[in-house]
>>> print(open('structure.csv').read())   # CSV, C-alpha atoms
chain,number,residue,atom,x,y,z
A,13,MET,CA,188.1,-70.8,19.7
A,14,LYS,CA,185.7,-73.2,18.2
A,15,GLN,CA,185.0,-76.1,20.6
A,16,ARG,CA,185.7,-79.5,19.0
A,17,LYS,CA,184.5,-82.8,20.3
A,18,MET,CA,187.2,-84.9,22.1
A,19,THR,CA,187.0,-88.3,23.7
A,20,LEU,CA,189.2,-90.0,26.4
A,21,ARG,CA,189.2,-93.8,25.6
A,22,LEU,CA,190.6,-96.0,28.3
A,23,ASP,CA,192.3,-99.4,27.8
A,24,ASN,CA,189.3,-101.1,29.4
A,25,GLY,CA,187.1,-99.8,26.6
A,26,MET,CA,185.3,-97.0,28.6
A,27,CYS,CA,185.0,-93.6,26.9
A,28,PHE,CA,184.5,-90.1,28.3
A,29,HIS,CA,183.1,-87.5,25.8
A,30,GLY,CA,183.8,-83.8,26.1
A,31,THR,CA,185.4,-80.9,24.2
A,32,SER,CA,188.9,-79.9,23.4
A,33,PHE,CA,190.4,-76.7,25.0
A,34,GLY,CA,194.1,-77.3,24.3
A,35,TYR,CA,196.1,-78.2,21.2
A,36,GLU,CA,193.9,-79.6,18.4
A,37,GLY,CA,195.5,-83.0,18.2
A,38,SER,CA,195.4,-86.5,19.9
A,39,ALA,CA,197.6,-88.2,22.4
A,40,VAL,CA,198.4,-91.5,24.0
A,41,GLY,CA,199.7,-92.0,27.6
A,42,GLU,CA,199.2,-93.6,31.0
A,43,VAL,CA,196.2,-92.0,32.6
A,44,VAL,CA,196.8,-90.8,36.2
A,45,PHE,CA,195.0,-88.5,38.5
A,46,ASN,CA,196.1,-85.7,40.9
A,47,THR,CA,193.8,-84.5,43.7
A,48,ALA,CA,195.5,-81.1,44.3
A,49,MET,CA,193.3,-78.0,44.3
A,50,SER,CA,195.9,-75.8,42.7
A,51,GLY,CA,199.4,-75.8,41.2
A,52,TYR,CA,198.7,-76.9,37.6
A,53,PRO,CA,201.6,-74.8,36.1
A,54,GLU,CA,204.1,-76.6,38.4
A,55,SER,CA,202.5,-80.0,37.8
A,56,LEU,CA,202.4,-79.7,34.0
A,57,THR,CA,206.1,-78.9,33.9
A,58,ASP,CA,207.1,-81.6,36.4
A,59,PRO,CA,209.2,-84.1,34.4
A,60,SER,CA,207.8,-86.9,36.6
A,61,TYR,CA,204.6,-86.7,34.5
A,62,ALA,CA,206.4,-87.4,31.3
A,63,GLY,CA,204.4,-89.7,29.0
A,64,GLN,CA,201.2,-89.4,31.1
A,65,ILE,CA,197.7,-88.0,30.6
A,66,LEU,CA,197.0,-86.0,33.7
A,67,VAL,CA,193.5,-85.9,35.2
A,68,LEU,CA,192.9,-83.1,37.7
A,69,THR,CA,190.1,-84.0,40.2
A,70,TYR,CA,189.5,-80.5,41.4
A,71,PRO,CA,186.5,-79.4,39.2
A,72,LEU,CA,187.4,-75.8,38.3
A,73,ILE,CA,190.8,-75.4,36.5
A,74,GLY,CA,192.3,-72.4,34.7
A,75,ASN,CA,190.7,-69.6,36.7
A,76,TYR,CA,194.1,-68.1,37.7
A,77,GLY,CA,195.7,-68.4,34.3
A,78,VAL,CA,199.4,-69.0,33.7
A,79,PRO,CA,202.4,-66.9,34.7
A,80,ALA,CA,205.1,-65.8,32.3
A,81,PHE,CA,207.4,-68.7,31.2
A,82,THR,CA,210.7,-66.9,31.8
A,83,MET,CA,214.2,-68.3,32.7
A,84,GLU,CA,216.6,-66.9,35.2
A,85,LYS,CA,220.3,-66.2,34.5
A,86,ASP,CA,221.2,-69.6,36.0
A,87,GLY,CA,219.0,-71.4,33.5
A,88,LEU,CA,216.2,-72.3,36.0
A,89,ALA,CA,212.6,-71.4,35.2
A,90,THR,CA,211.2,-68.5,37.2
A,91,ASN,CA,207.7,-69.9,37.8
A,92,MET,CA,207.8,-73.5,36.5
A,93,GLU,CA,209.5,-76.7,37.3
A,94,SER,CA,211.3,-77.4,34.0
A,95,GLU,CA,211.8,-75.9,30.6
A,96,LYS,CA,208.5,-77.2,29.1
A,97,ILE,CA,205.3,-79.1,29.7
A,98,HIS,CA,205.9,-82.8,30.1
A,99,VAL,CA,202.4,-84.4,30.3
A,100,ARG,CA,201.1,-85.9,27.1
A,101,GLY,CA,197.6,-84.5,27.7
A,102,LEU,CA,195.4,-82.9,30.3
A,103,VAL,CA,191.9,-83.8,31.5
A,104,VAL,CA,189.7,-81.5,33.6
A,105,SER,CA,186.0,-81.3,34.6
A,106,SER,CA,185.3,-77.6,34.1
A,107,TYR,CA,187.8,-75.3,32.3
A,108,SER,CA,187.7,-71.6,32.9
A,109,ASP,CA,189.0,-69.5,30.0
A,110,SER,CA,188.4,-66.3,32.0
A,111,TYR,CA,191.3,-65.9,34.5
A,112,SER,CA,192.4,-63.4,37.1
A,113,HIS,CA,195.7,-63.4,38.9
A,114,TRP,CA,198.4,-60.7,39.5
A,115,ASN,CA,201.1,-62.6,37.6
A,116,ALA,CA,199.0,-64.3,34.9
A,117,VAL,CA,199.9,-63.4,31.3
A,118,GLU,CA,197.9,-66.0,29.4
A,119,SER,CA,195.2,-68.6,29.7
A,120,LEU,CA,195.9,-72.2,30.3
A,121,SER,CA,194.3,-73.0,26.9
A,122,GLU,CA,196.8,-70.6,25.1
A,123,TRP,CA,199.8,-72.2,26.9
A,124,LEU,CA,198.7,-75.7,26.0
A,125,GLN,CA,198.1,-74.7,22.4
A,126,ARG,CA,201.6,-73.2,22.2
A,127,GLU,CA,203.2,-76.3,23.6
A,128,LYS,CA,201.0,-78.6,21.5
A,129,ILE,CA,199.4,-80.4,24.4
A,130,PRO,CA,195.9,-81.8,23.9
A,131,ALA,CA,193.3,-81.2,26.6
A,132,LEU,CA,189.8,-82.4,27.4
A,133,THR,CA,187.1,-80.7,29.5
A,134,GLY,CA,183.4,-81.4,30.2
A,135,ILE,CA,183.6,-84.8,31.7
A,136,ASP,CA,183.1,-86.2,35.2
A,137,THR,CA,186.7,-86.4,36.4
A,138,ARG,CA,185.6,-87.8,39.8
A,139,HIS,CA,183.9,-90.7,38.2
A,140,LEU,CA,187.0,-91.3,36.1
A,141,THR,CA,189.1,-91.2,39.2
A,142,LYS,CA,187.0,-93.8,40.9
A,143,ILE,CA,187.6,-96.1,37.9
A,144,LEU,CA,191.3,-95.6,38.1
A,145,ARG,CA,191.3,-96.2,41.9
A,146,GLU,CA,189.4,-99.4,41.5
A,147,GLN,CA,191.1,-100.8,38.3
A,148,GLY,CA,194.4,-99.0,38.6
A,149,VAL,CA,196.1,-96.6,36.2
A,150,MET,CA,195.9,-97.6,32.6
A,151,LYS,CA,196.8,-96.5,29.1
A,152,GLY,CA,194.4,-94.1,27.5
A,153,GLU,CA,193.9,-92.1,24.3
A,154,LEU,CA,192.8,-88.5,23.9
A,155,ILE,CA,191.0,-88.6,20.5
A,156,LEU,CA,190.0,-85.3,18.7
A,157,GLU,CA,186.7,-86.0,16.9
A,158,GLU,CA,187.3,-88.9,14.5
A,159,GLU,CA,191.0,-88.6,14.3
A,160,VAL,CA,193.0,-91.8,14.1
A,161,VAL,CA,195.5,-92.2,17.0
A,162,GLU,CA,198.8,-93.8,16.1
A,163,SER,CA,199.6,-96.7,18.5
A,164,GLU,CA,202.6,-96.1,20.7
A,165,GLU,CA,204.7,-98.4,22.9
A,166,ASP,CA,203.3,-98.9,26.4
A,167,TYR,CA,204.3,-96.5,29.1
A,168,GLY,CA,206.1,-99.2,31.1
A,169,ASP,CA,208.4,-100.1,28.2
A,170,VAL,CA,210.0,-96.7,27.9
A,171,ASN,CA,213.0,-95.4,29.9
A,172,TRP,CA,211.3,-92.0,30.7
A,173,VAL,CA,214.2,-91.0,32.9
A,174,GLU,CA,216.5,-91.0,29.9
A,175,LYS,CA,214.1,-88.9,27.9
A,176,VAL,CA,213.9,-86.1,30.5
A,177,SER,CA,217.4,-86.1,32.1
A,178,CYS,CA,219.9,-83.5,31.0
A,179,LYS,CA,222.4,-84.5,28.3
A,180,ASP,CA,225.4,-82.6,29.6
A,181,VAL,CA,226.9,-81.7,32.9
A,182,VAL,CA,225.6,-78.3,34.2
A,183,THR,CA,227.0,-76.4,37.2
A,184,TYR,CA,225.1,-74.0,39.4
A,185,ASN,CA,226.6,-71.7,42.1
A,186,LYS,CA,230.1,-72.5,40.8
A,187,GLY,CA,232.7,-72.0,43.5
A,188,ALA,CA,230.1,-71.3,46.1
A,189,GLY,CA,231.3,-73.9,48.7
A,190,LYS,CA,230.7,-77.6,49.2
A,191,LYS,CA,230.1,-79.5,46.0
A,192,VAL,CA,226.9,-81.6,45.6
A,193,VAL,CA,226.5,-83.9,42.6
A,194,LEU,CA,222.9,-84.1,41.6
A,195,VAL,CA,221.9,-87.1,39.5
A,196,ASP,CA,219.2,-85.8,37.2
A,197,CYS,CA,216.5,-88.4,36.7
A,198,GLY,CA,214.0,-85.6,35.8
A,199,VAL,CA,214.8,-83.0,38.5
A,200,LYS,CA,212.3,-80.3,39.4
A,201,HIS,CA,213.9,-76.9,39.4
A,202,ASN,CA,212.8,-76.2,42.9
A,203,ILE,CA,215.1,-78.9,44.1
A,204,ILE,CA,218.0,-77.1,42.6
A,205,ARG,CA,216.8,-73.8,44.0
A,206,ASN,CA,216.6,-75.3,47.5
A,207,LEU,CA,220.2,-76.5,47.2
A,208,THR,CA,221.7,-73.4,45.7
A,209,ARG,CA,220.1,-71.0,48.2
A,210,ARG,CA,221.7,-73.1,51.0
A,211,GLY,CA,225.1,-72.0,49.6
A,212,VAL,CA,226.4,-75.1,47.8
A,213,GLU,CA,227.7,-75.7,44.3
A,214,VAL,CA,225.4,-78.1,42.4
A,215,ILE,CA,226.8,-80.3,39.7
A,216,ARG,CA,223.9,-81.6,37.7
A,217,ILE,CA,224.7,-84.7,35.7
A,218,PRO,CA,222.8,-87.1,33.3
A,219,TRP,CA,221.1,-90.0,35.0
A,220,ASP,CA,223.6,-92.6,33.8
A,221,PHE,CA,226.8,-90.5,34.3
A,222,ASP,CA,229.4,-92.3,36.5
A,223,PHE,CA,229.7,-89.6,39.2
A,224,ASN,CA,232.2,-91.8,41.2
A,225,THR,CA,234.9,-90.3,38.9
A,226,LEU,CA,234.2,-86.8,40.2
A,227,GLN,CA,235.4,-84.9,43.3
A,228,PHE,CA,232.4,-83.9,45.4
A,229,ASP,CA,231.2,-83.6,49.0
A,230,GLY,CA,227.6,-85.0,48.8
A,231,LEU,CA,225.4,-86.9,46.4
A,232,PHE,CA,221.7,-86.0,45.6
A,233,LEU,CA,219.3,-88.3,43.7
A,234,SER,CA,216.4,-86.5,42.1
A,235,ASN,CA,212.8,-87.3,41.3
A,236,GLY,CA,211.9,-88.7,37.9
A,237,PRO,CA,209.2,-90.5,35.8
A,238,GLY,CA,208.5,-94.1,35.0
A,239,ASP,CA,209.8,-97.4,36.3
A,240,PRO,CA,213.0,-97.4,38.4
A,241,ASP,CA,213.8,-100.9,37.0
A,242,THR,CA,214.7,-99.1,33.7
A,243,CYS,CA,217.5,-97.2,35.4
A,244,GLN,CA,220.0,-100.0,36.2
A,245,ALA,CA,223.0,-97.8,35.2
A,246,ALA,CA,222.1,-95.3,37.9
A,247,VAL,CA,221.6,-98.1,40.4
A,248,ASP,CA,225.0,-99.5,39.7
A,249,ASN,CA,226.7,-96.1,40.1
A,250,ILE,CA,224.8,-95.6,43.4
A,251,ARG,CA,225.9,-99.0,44.7
A,252,THR,CA,229.5,-98.2,43.9
A,253,PHE,CA,229.1,-95.0,46.0
A,254,LEU,CA,227.6,-96.9,48.9
A,255,ASN,CA,230.4,-99.5,48.8
A,256,SER,CA,233.2,-96.8,48.7
A,257,SER,CA,235.6,-96.5,51.5
A,258,ARG,CA,235.0,-92.8,51.6
A,259,ILE,CA,231.7,-92.1,53.3
A,260,ARG,CA,229.9,-89.0,52.0
A,261,PRO,CA,226.3,-87.8,52.6
A,262,LEU,CA,223.5,-88.8,50.3
A,263,MET,CA,219.9,-87.6,49.9
A,264,GLY,CA,217.2,-88.8,47.5
A,265,ILE,CA,213.8,-87.6,46.5
A,266,CYS,CA,211.0,-89.7,44.9
A,267,MET,CA,212.7,-91.7,42.2
A,268,GLY,CA,215.8,-91.1,44.2
A,269,ASN,CA,214.3,-93.0,47.1
A,270,GLN,CA,213.5,-96.0,44.9
A,271,LEU,CA,217.0,-96.0,43.2
A,272,LEU,CA,218.7,-95.8,46.6
A,273,ALA,CA,216.6,-98.7,47.9
A,274,LYS,CA,217.5,-100.8,44.8
A,275,ALA,CA,221.2,-100.0,45.1
A,276,ALA,CA,221.1,-101.0,48.8
A,277,GLY,CA,219.5,-104.4,47.9
A,278,GLY,CA,215.8,-103.6,48.4
A,279,LYS,CA,212.9,-104.0,46.0
A,280,VAL,CA,210.3,-101.7,44.5
A,281,TYR,CA,206.7,-102.3,43.2
A,282,LYS,CA,204.1,-100.5,41.3
A,283,LEU,CA,201.2,-98.9,43.3
A,284,PRO,CA,197.7,-99.5,42.0
A,285,TYR,CA,197.1,-95.8,41.2
A,286,GLY,CA,200.0,-94.0,42.8
A,287,HIS,CA,200.2,-90.9,45.1
A,288,ARG,CA,199.6,-87.6,43.3
A,289,SER,CA,198.4,-84.8,45.5
A,290,HIS,CA,199.2,-82.1,48.1
A,291,ASN,CA,197.7,-83.8,51.1
A,292,GLN,CA,199.5,-87.1,51.7
A,293,PRO,CA,200.1,-87.6,55.4
A,294,VAL,CA,203.4,-89.3,56.4
A,295,ARG,CA,204.8,-90.2,59.8
A,296,MET,CA,208.4,-90.1,60.8
A,297,GLU,CA,209.3,-93.6,62.0
A,298,GLY,CA,209.9,-94.0,65.7
A,299,THR,CA,208.1,-90.7,66.5
A,300,ASN,CA,204.6,-89.3,66.6
A,301,ARG,CA,205.6,-86.5,64.1
A,302,CYS,CA,203.3,-86.4,61.1
A,303,PHE,CA,203.6,-84.1,58.0
A,304,ILE,CA,201.4,-83.2,55.1
A,305,THR,CA,203.3,-83.7,51.9
A,306,SER,CA,203.2,-83.1,48.2
A,307,GLN,CA,203.7,-86.3,46.2
A,308,ASN,CA,203.9,-87.6,42.6
A,309,HIS,CA,204.9,-91.2,42.1
A,310,GLY,CA,203.6,-94.5,40.8
A,311,PHE,CA,206.1,-96.8,42.4
A,312,ALA,CA,207.1,-97.5,46.1
A,313,VAL,CA,209.8,-99.2,48.0
A,314,ASP,CA,209.0,-102.6,49.7
A,315,ALA,CA,210.1,-101.8,53.2
A,316,GLU,CA,210.2,-105.5,54.1
A,317,SER,CA,212.9,-106.0,51.5
A,318,LEU,CA,215.4,-103.6,53.0
A,319,PRO,CA,218.6,-105.3,54.0
A,320,ASP,CA,220.4,-105.1,57.4
A,321,GLY,CA,221.6,-101.6,58.1
A,322,TRP,CA,218.7,-99.9,56.5
A,323,LYS,CA,215.3,-98.9,57.9
A,324,PRO,CA,212.2,-97.0,56.9
A,325,TYR,CA,212.4,-93.2,57.6
A,326,PHE,CA,208.8,-92.2,56.8
A,327,THR,CA,205.5,-94.2,56.3
A,328,ASN,CA,202.3,-93.1,54.5
A,329,MET,CA,199.4,-92.9,57.0
A,330,ASN,CA,196.8,-93.6,54.3
A,331,ASP,CA,198.0,-96.9,52.9
A,332,GLY,CA,201.1,-97.8,55.0
A,333,SER,CA,203.5,-97.7,52.1
A,334,ASN,CA,207.1,-96.6,52.5
A,335,GLU,CA,207.8,-92.9,52.2
A,336,GLY,CA,211.6,-92.8,52.7
A,337,ILE,CA,214.5,-94.9,54.0
A,338,ARG,CA,217.7,-94.2,55.9
A,339,HIS,CA,220.9,-96.0,56.9
A,340,VAL,CA,221.2,-96.7,60.6
A,341,SER,CA,224.8,-95.4,60.9
A,342,ARG,CA,225.8,-93.6,57.7
A,343,PRO,CA,224.6,-90.2,56.4
A,344,TRP,CA,222.3,-91.6,53.8
A,345,PHE,CA,218.6,-91.0,53.6
A,346,SER,CA,215.8,-90.4,51.2
A,347,ALA,CA,212.1,-89.3,51.0
A,348,GLN,CA,209.4,-90.6,48.6
A,349,PHE,CA,207.5,-87.3,48.9
A,350,HIS,CA,208.6,-83.9,47.7
A,351,PRO,CA,210.1,-81.7,50.5
A,352,GLU,CA,210.7,-79.0,47.9
A,353,ALA,CA,206.9,-79.0,47.1
A,354,ALA,CA,206.3,-76.5,44.2
A,355,SER,CA,203.4,-76.9,44.4
A,356,GLY,CA,202.2,-78.0,47.8
A,357,PRO,CA,203.0,-77.7,51.5
A,358,THR,CA,206.6,-77.1,52.6
A,359,ASP,CA,206.4,-78.9,55.9
A,360,THR,CA,209.3,-81.1,55.2
A,361,GLU,CA,211.8,-78.6,53.6
A,362,PHE,CA,213.9,-79.1,56.7
A,363,LEU,CA,215.3,-82.3,55.1
A,364,PHE,CA,217.4,-80.1,52.8
A,365,ASP,CA,218.9,-78.5,56.0
A,366,ASP,CA,219.6,-81.9,57.4
A,367,PHE,CA,221.4,-82.9,54.2
A,368,ILE,CA,223.5,-79.7,54.1
A,369,SER,CA,224.4,-80.0,57.7
A,370,LEU,CA,226.0,-83.4,57.0
A,371,LEU,CA,228.3,-82.1,54.2
>>> encode(input="structure.csv", output="structure tokens")
Amino acid sequence: MKQRKMTLRLDNGMCFHGTSFGYEGSAVGEVVFNTAMSGYPESLTDPSYAGQILVLTYPLIGNYGVPAFTMEKDGLATNMESEKIHVRGLVVSSYSDSYSHWNAVESLSEWLQREKIPALTGIDTRHLTKILREQGVMKGELILEEEVVESEEDYGDVNWVEKVSCKDVVTYNKGAGKKVVLVDCGVKHNIIRNLTRRGVEVIRIPWDFDFNTLQFDGLFLSNGPGDPDTCQAAVDNIRTFLNSSRIRPLMGICMGNQLLAKAAGGKVYKLPYGHRSHNQPVRMEGTNRCFITSQNHGFAVDAESLPDGWKPYFTNMNDGSNEGIRHVSRPWFSAQFHPEAASGPTDTEFLFDDFISLL
């Protein structure tokens, strides 16, 4: 493939010049970085990255290729976290077109071209990361040679959850046992896998569906992209659930943590550059137990704003931000990190067991 010049231009005017190795086109999105050393197939298909240009700080990317993009009988992807790539663009330091892995069937470049995702290589991604850490995430443009990029609305103005949520009700493990309603804000498939292999029926619903009209045993709030303030319909439905006379278990992950906090009366705020990595240390409040977690989020819960009856469950040991909340007497809790990982450490997968035991 002929290498064509490509530039990443940030909103602050800075430009990074390299070459294209993905789809030959341009893209606009919020520029964010992930410090994980591996897991790019899972990250690229994580709906929480919708609308973003993803910068990978680990220098060598592509050396283990891409596995087959196949779907199981239940409609879940075999090796990925959704049905497609969700990032607007990808930025790496050094791309390896030569790959070697037992389950690889194509190169990262071939996959990106097929799904029409622009990608840039040959820049100093660690320098770029320092800029994002100091100035915060910002809008950027991937420009192929002298191509004109069409202006698009700002990342924060879009309800990205609505864009990635399912449009219809989908049931997994039908008739298997207890029923769990999963509010799909951009759910990763490994969350559904973790629930179904624990023997429950999962009813996946659109983000704004009023689940309070359904019969179920537990409620699950998924991860998702963007600003939780754009998801007021989900917050209202969750608040109705919390105020119901029938007490049923609830668990949330990532966006689910933020929506639960808002429904309870708390506040959320945007982090300067977010948490996107495999090595975020969190401590369980009231204990000395620490866990290494996989994370992907740009917003956090203001722990000081939690109303009576709620308290922090986990705290980030790097910056002290909230990593989960729980009710003091009712079976409701959430985690800001990803206990299902995919990719990343599975140290906190026990939270799924805790939820199932409450049903």
>>> residues_around(input="structure.csv", residues="range 201-203 of chain A", least_positions_apart="4", cutoff="8 Å", atoms="all atoms listed in the file", output="list in words")
Leu88, Ala89, Met92, Glu93, Ser94, Leu207, Ser234, Glu352, Ala353 and Ala354 of chain A
>>> atom_distance(input="structure.csv", atom1="CA of Ala276 in chain A", atom2="CA of Lys323 in chain A")
11.0 Å
>>> residues_around(input="structure.csv", residues="range 108-111 of chain A", least_positions_apart="4", cutoff="7 Å", atoms="only C-alpha atoms", output="list of chain:residue names")
A:Leu72, A:Ile73, A:Gly74, A:Asn75, A:Tyr76, A:Gly77, A:Ser119
>>> closest_residue(input="structure.csv", among="A:Thr208, A:Thr69, A:Asn291, A:Gln147", to="Phe364 in chain A", atoms="all atoms listed in the file")
A:Thr208
>>> closest_residue(input="structure.csv", among="A:Thr82, A:Ser369, A:Ser105, A:Ser50", to="His290 in chain A", atoms="all atoms listed in the file")
A:Ser50
>>> atom_distance(input="structure.csv", atom1="CA of Ser106 in chain A", atom2="CA of Thr57 in chain A")
20.8 Å
>>> closest_residue(input="structure.csv", among="A:Leu262, A:Val117, A:Leu22, A:Ile65", to="Leu371 in chain A", atoms="all atoms listed in the file")
A:Leu262
>>> residues_around(input="structure.csv", residues="Ser257 in chain A", least_positions_apart="3", cutoff="12 Å", atoms="all atoms listed in the file", output="list in words")
Asn224, Thr252, Phe253, Leu254, Arg260 and Arg342 of chain A
>>> closest_residue(input="structure.csv", among="A:Val247, A:Leu144, A:Ala62, A:Leu120", to="Val199 in chain A", atoms="all atoms listed in the file")
A:Ala62
>>> atom_distance(input="structure.csv", atom1="CA of Trp219 in chain A", atom2="CA of Cys197 in chain A")
5.2 Å
>>> closest_residue(input="structure.csv", among="A:Asn269, A:Thr19, A:Ser317, A:Asn115", to="Ala39 in chain A", atoms="all atoms listed in the file")
A:Thr19
